[in-house]
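Below is one structure, written out as structure tokens, with a few remarks after it.
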Amino acid sequence: MRHAVYCGDMVTPQEPPMDGRRARRERSRVAVIDAVFALVRDGKVPPTAEDIAERAGVSVSLIFRNFDGLDDMQRQAFDVFRERYVHLFDPAVDAAASRPERVARHVRVRLDLLTVAGPMMHFARQRTLECQPMAEGVGRGRSQLSDQARAHFASETAQLSPAEAANLLAVIDALTSPEAYEVLRAAHGRSDRQISRLWICSLTAILDGWPGLSTDDDTELDKEDKA
């Protein structure tokens, strides 16, 4: 039931305050989801109901009262994950910045995302074959990362044909993808600092050598001429 707050001649609907039972249930739900995040970060994949209950400080039976099974709990955890970290998928580069600045910033925001959210993203990819909502969420995340790269390197793609622009974006997106990050970390033992240097060097070489792209110096001269 909704209540109304009277302000002069206006009536403003207002949600009723959450009762004690609902508040406790919501706190338990958040504790369970936070426990899933913590366990995945610690490498306990997939986390069991017993692991989650112990980490959250709740009973296993409470987990199943709040969620329709482990699949539902994991899906809700991924939804909360996307809400918490959605800002790290947004474009974060000034389009007027120089190419070296945009390259460095692109690498920085990718590493910021993967450092805090990489394990959860990896877990979600593992569940795509058996959980359709998770597969859809992973697909949306991939599209957002592709859009981010497109925004960061719009100056370069504007100089190319649509086909070549798509090829360039595919290379940039794949090079700085979550999967590439995992290979560098797990298979090659590279630190985030080393990965940052590798990605910056690689992107710079790709952009400077891509057929049809002007160098950053040429772009700056064109801006000065137009001014």
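Following the order of the structure tokens, first chain is A, next is B, and so on, with residues numbered from 1 inside each chain and ligands from 1 in the order they appear.
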Polymer residues at most 8 Å from region 89-92 of chain A, only C-alpha atoms, same-chain spacing of 6 or more positions, as a ChimeraX atom specification: /A:105-106,109,113,141,144-145,147-149,151-152
Near region 47-56 of chain A, counting only C-alpha atoms, which residues have an atom at most 8 Å away, once you skip same-chain residues fewer than 2 positions from it, shown as a tab-separated table (two decimals) with C-alpha atoms, in the first residue's frame?
chain	number	residue	atom	x	y	z
A	28	SER	CA	20.48	-11.10	4.22
A	31	ALA	CA	25.13	-10.30	2.52
A	32	VAL	CA	24.71	-13.43	0.39
A	34	ASP	CA	28.53	-9.91	-1.26
A	35	ALA	CA	29.65	-13.37	-0.12
A	36	VAL	CA	29.39	-14.63	-3.72
A	39	LEU	CA	34.32	-16.16	-2.85
A	40	VAL	CA	34.69	-15.66	-6.61
A	44	LYS	CA	36.23	-20.53	-5.10
A	45	VAL	CA	34.37	-21.14	-8.37
A	58	VAL	CA	23.67	-17.04	7.43
A	59	SER	CA	22.16	-20.51	7.26
A	60	VAL	CA	21.94	-22.52	4.06
A	63	ILE	CA	19.75	-18.73	1.21
A	70	LEU	CA	21.76	-21.28	-6.74
Which of chain A fall in helix (DSSP H, G or I), as a PyMOL selection string: chain A and resi 20-41+49-56+60-66+70-89+99-126+132-152+154-157+162-175+178-187+192-209+216-226
Let's have the selection written as a short mmCIF file (atom, residue, chain, number, x, y, z; two decimals), in the first residue's frame, with C-alpha atoms.
data_model
loop_
_atom_site.label_atom_id
_atom_site.label_comp_id
_atom_site.auth_asym_id
_atom_site.auth_seq_id
_atom_site.Cartn_x
_atom_site.Cartn_y
_atom_site.Cartn_z
CA GLY A 20 11.50 -5.11 9.98
CA ARG A 21 11.04 -8.46 8.28
CA ARG A 22 11.57 -7.05 4.78
CA ALA A 23 14.60 -5.09 5.98
CA ARG A 24 16.19 -8.20 7.49
CA ARG A 25 15.50 -10.17 4.34
CA GLU A 26 17.10 -7.48 2.19
CA ARG A 27 20.15 -7.33 4.46
CA SER A 28 20.48 -11.10 4.22
CA ARG A 29 20.13 -10.98 0.43
CA VAL A 30 22.87 -8.34 0.14
CA ALA A 31 25.13 -10.30 2.52
CA VAL A 32 24.71 -13.43 0.39
CA ILE A 33 25.49 -11.56 -2.84
CA ASP A 34 28.53 -9.91 -1.26
CA ALA A 35 29.65 -13.37 -0.12
CA VAL A 36 29.39 -14.63 -3.72
CA PHE A 37 31.60 -11.74 -4.89
CA ALA A 38 34.18 -12.43 -2.16
CA LEU A 39 34.32 -16.16 -2.85
CA VAL A 40 34.69 -15.66 -6.61
CA ARG A 41 37.50 -13.15 -5.99
CA ALA A 49 25.71 -23.01 -0.85
CA GLU A 50 27.70 -24.03 2.23
CA ASP A 51 30.63 -21.75 1.30
CA ILE A 52 28.27 -18.84 0.69
CA ALA A 53 26.36 -19.37 3.93
CA GLU A 54 29.57 -19.51 5.96
CA ARG A 55 31.00 -16.36 4.36
CA ALA A 56 27.70 -14.45 4.68
CA VAL A 60 21.94 -22.52 4.06
CA SER A 61 18.15 -22.69 4.50
CA LEU A 62 17.98 -18.88 4.58
CA ILE A 63 19.75 -18.73 1.21
CA PHE A 64 17.06 -20.90 -0.34
CA ARG A 65 14.31 -18.84 1.28
CA ASN A 66 15.67 -15.67 -0.31
CA LEU A 70 21.76 -21.28 -6.74
CA ASP A 71 21.13 -20.28 -10.36
CA ASP A 72 18.78 -17.49 -9.28
CA MET A 73 21.24 -16.33 -6.63
CA GLN A 74 24.12 -16.23 -9.12
CA ARG A 75 21.97 -14.40 -11.67
CA GLN A 76 20.99 -11.78 -9.09
CA ALA A 77 24.62 -11.46 -8.03
CA PHE A 78 25.60 -10.75 -11.64
CA ASP A 79 22.81 -8.16 -11.92
CA VAL A 80 24.12 -6.40 -8.80
CA PHE A 81 27.65 -6.64 -10.17
CA ARG A 82 26.60 -4.80 -13.33
CA GLU A 83 24.88 -2.07 -11.29
CA ARG A 84 27.95 -1.55 -9.11
CA TYR A 85 30.49 -1.44 -11.90
CA VAL A 86 28.48 -0.04 -14.83
CA HIS A 87 30.45 3.24 -14.68
CA LEU A 88 33.65 1.35 -15.56
CA PHE A 89 32.11 0.35 -18.91
CA ARG A 99 46.41 9.76 -29.25
CA PRO A 100 48.97 8.87 -26.54
CA GLU A 101 46.63 10.27 -23.90
CA ARG A 102 43.67 8.30 -25.24
CA VAL A 103 45.69 5.09 -25.47
CA ALA A 104 46.93 5.46 -21.89
CA ARG A 105 43.46 6.27 -20.59
CA HIS A 106 41.86 3.38 -22.46
CA VAL A 107 44.35 0.99 -20.88
CA ARG A 108 43.83 2.53 -17.44
CA VAL A 109 40.04 2.18 -17.43
CA ARG A 110 40.23 -1.41 -18.74
CA LEU A 111 42.65 -2.36 -15.97
CA ASP A 112 40.52 -0.57 -13.38
CA LEU A 113 37.55 -2.69 -14.46
CA LEU A 114 39.44 -5.99 -14.68
CA THR A 115 41.25 -5.51 -11.38
CA VAL A 116 38.03 -5.17 -9.40
CA ALA A 117 35.59 -7.15 -11.54
CA GLY A 118 37.67 -9.59 -13.60
CA PRO A 119 36.99 -12.68 -11.44
CA MET A 120 33.22 -12.11 -11.52
CA MET A 121 33.31 -11.57 -15.29
CA HIS A 122 35.27 -14.82 -15.69
CA PHE A 123 32.73 -16.68 -13.54
CA ALA A 124 29.86 -15.28 -15.60
CA ARG A 125 31.50 -16.45 -18.84
CA GLN A 126 31.82 -19.95 -17.39
CA GLN A 132 20.66 -18.00 -20.51
CA PRO A 133 20.25 -14.80 -18.41
CA MET A 134 23.97 -14.96 -17.61
CA ALA A 135 24.78 -15.39 -21.31
CA GLU A 136 22.68 -12.33 -22.13
CA GLY A 137 24.44 -10.31 -19.44
CA VAL A 138 27.86 -11.32 -20.74
CA GLY A 139 26.78 -10.33 -24.24
CA ARG A 140 25.70 -6.89 -23.02
CA GLY A 141 29.02 -6.45 -21.27
CA ARG A 142 30.94 -7.31 -24.43
CA SER A 143 28.90 -4.77 -26.38
CA GLN A 144 29.59 -2.10 -23.77
CA LEU A 145 33.33 -2.72 -23.91
CA SER A 146 33.22 -2.55 -27.71
CA ASP A 147 31.29 0.73 -27.52
CA GLN A 148 33.85 2.07 -25.06
CA ALA A 149 36.70 1.32 -27.47
CA ARG A 150 34.73 2.88 -30.33
CA ALA A 151 34.32 6.11 -28.35
CA HIS A 152 37.96 6.22 -27.27
CA ALA A 154 36.64 7.67 -32.84
CA SER A 155 39.32 10.00 -34.26
CA GLU A 156 41.06 7.03 -35.86
CA THR A 157 38.00 5.16 -37.15
CA PRO A 162 33.53 1.19 -42.32
CA ALA A 163 35.11 -2.23 -42.89
CA GLU A 164 38.60 -1.11 -41.87
CA ALA A 165 37.22 0.80 -38.88
CA ALA A 166 35.47 -2.38 -37.71
CA ASN A 167 38.72 -4.34 -38.14
CA LEU A 168 40.68 -1.82 -36.10
CA LEU A 169 38.12 -1.79 -33.29
CA ALA A 170 38.04 -5.59 -33.23
CA VAL A 171 41.82 -5.70 -32.76
CA ILE A 172 41.78 -3.04 -30.01
CA ASP A 173 38.88 -4.71 -28.22
CA ALA A 174 40.45 -8.18 -28.40
CA LEU A 175 43.88 -6.98 -27.32
CA PRO A 178 39.10 -9.72 -20.19
CA GLU A 179 40.29 -12.94 -21.85
CA ALA A 180 43.59 -11.36 -22.94
CA TYR A 181 44.08 -9.99 -19.44
CA GLU A 182 43.55 -13.46 -17.92
CA VAL A 183 46.08 -15.05 -20.29
CA LEU A 184 48.71 -12.44 -19.45
CA ARG A 185 48.09 -12.81 -15.72
CA ALA A 186 47.63 -16.58 -15.42
CA ALA A 187 49.69 -18.06 -18.26
CA ASP A 192 49.03 -5.19 -13.87
CA ARG A 193 51.88 -2.72 -14.24
CA GLN A 194 53.54 -4.91 -16.87
CA ILE A 195 50.24 -5.45 -18.68
CA SER A 196 49.66 -1.70 -18.76
CA ARG A 197 53.05 -1.16 -20.41
CA LEU A 198 52.49 -4.02 -22.88
CA TRP A 199 49.05 -2.79 -23.88
CA ILE A 200 50.18 0.81 -24.32
CA CYS A 201 53.16 -0.25 -26.47
CA SER A 202 51.03 -2.63 -28.54
CA LEU A 203 48.17 -0.17 -29.13
CA THR A 204 50.61 2.58 -30.05
CA ALA A 205 52.37 0.32 -32.58
CA ILE A 206 49.07 -0.85 -34.07
CA LEU A 207 47.66 2.66 -34.47
CA ASP A 208 50.90 4.15 -35.79
CA GLY A 209 51.26 1.37 -38.37
CA ASP A 216 49.22 11.76 -34.10
CA ASP A 217 51.63 14.53 -35.14
CA ASP A 218 49.79 14.92 -38.45
CA THR A 219 46.45 15.13 -36.63
CA GLU A 220 47.77 17.85 -34.33
CA LEU A 221 49.08 19.83 -37.31
CA ASP A 222 45.64 19.55 -39.01
CA LYS A 223 44.01 20.96 -35.87
CA GLU A 224 46.46 23.89 -35.82
CA ASP A 225 45.85 24.60 -39.52
CA LYS A 226 42.08 24.65 -38.99
#
CA of Ser177 (chain A) to CA of Gln159 (chain A), straight-line distance in Å: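 Going from CA of Gln159 (chain A) over to CA of Ser177 (chain A), I get 23.9 Å.
Counting from CA of Ala96 (chain A), the distance to CA of Ala158 (chain A) is 13.3 Å.
Distance annotation: of A:Thr176, A:Gly212, A:Gly189, A:Cys131, the residue with the minimal separation from Leu160 (chain A) is A:Gly212; atom set is only C-alpha atoms.
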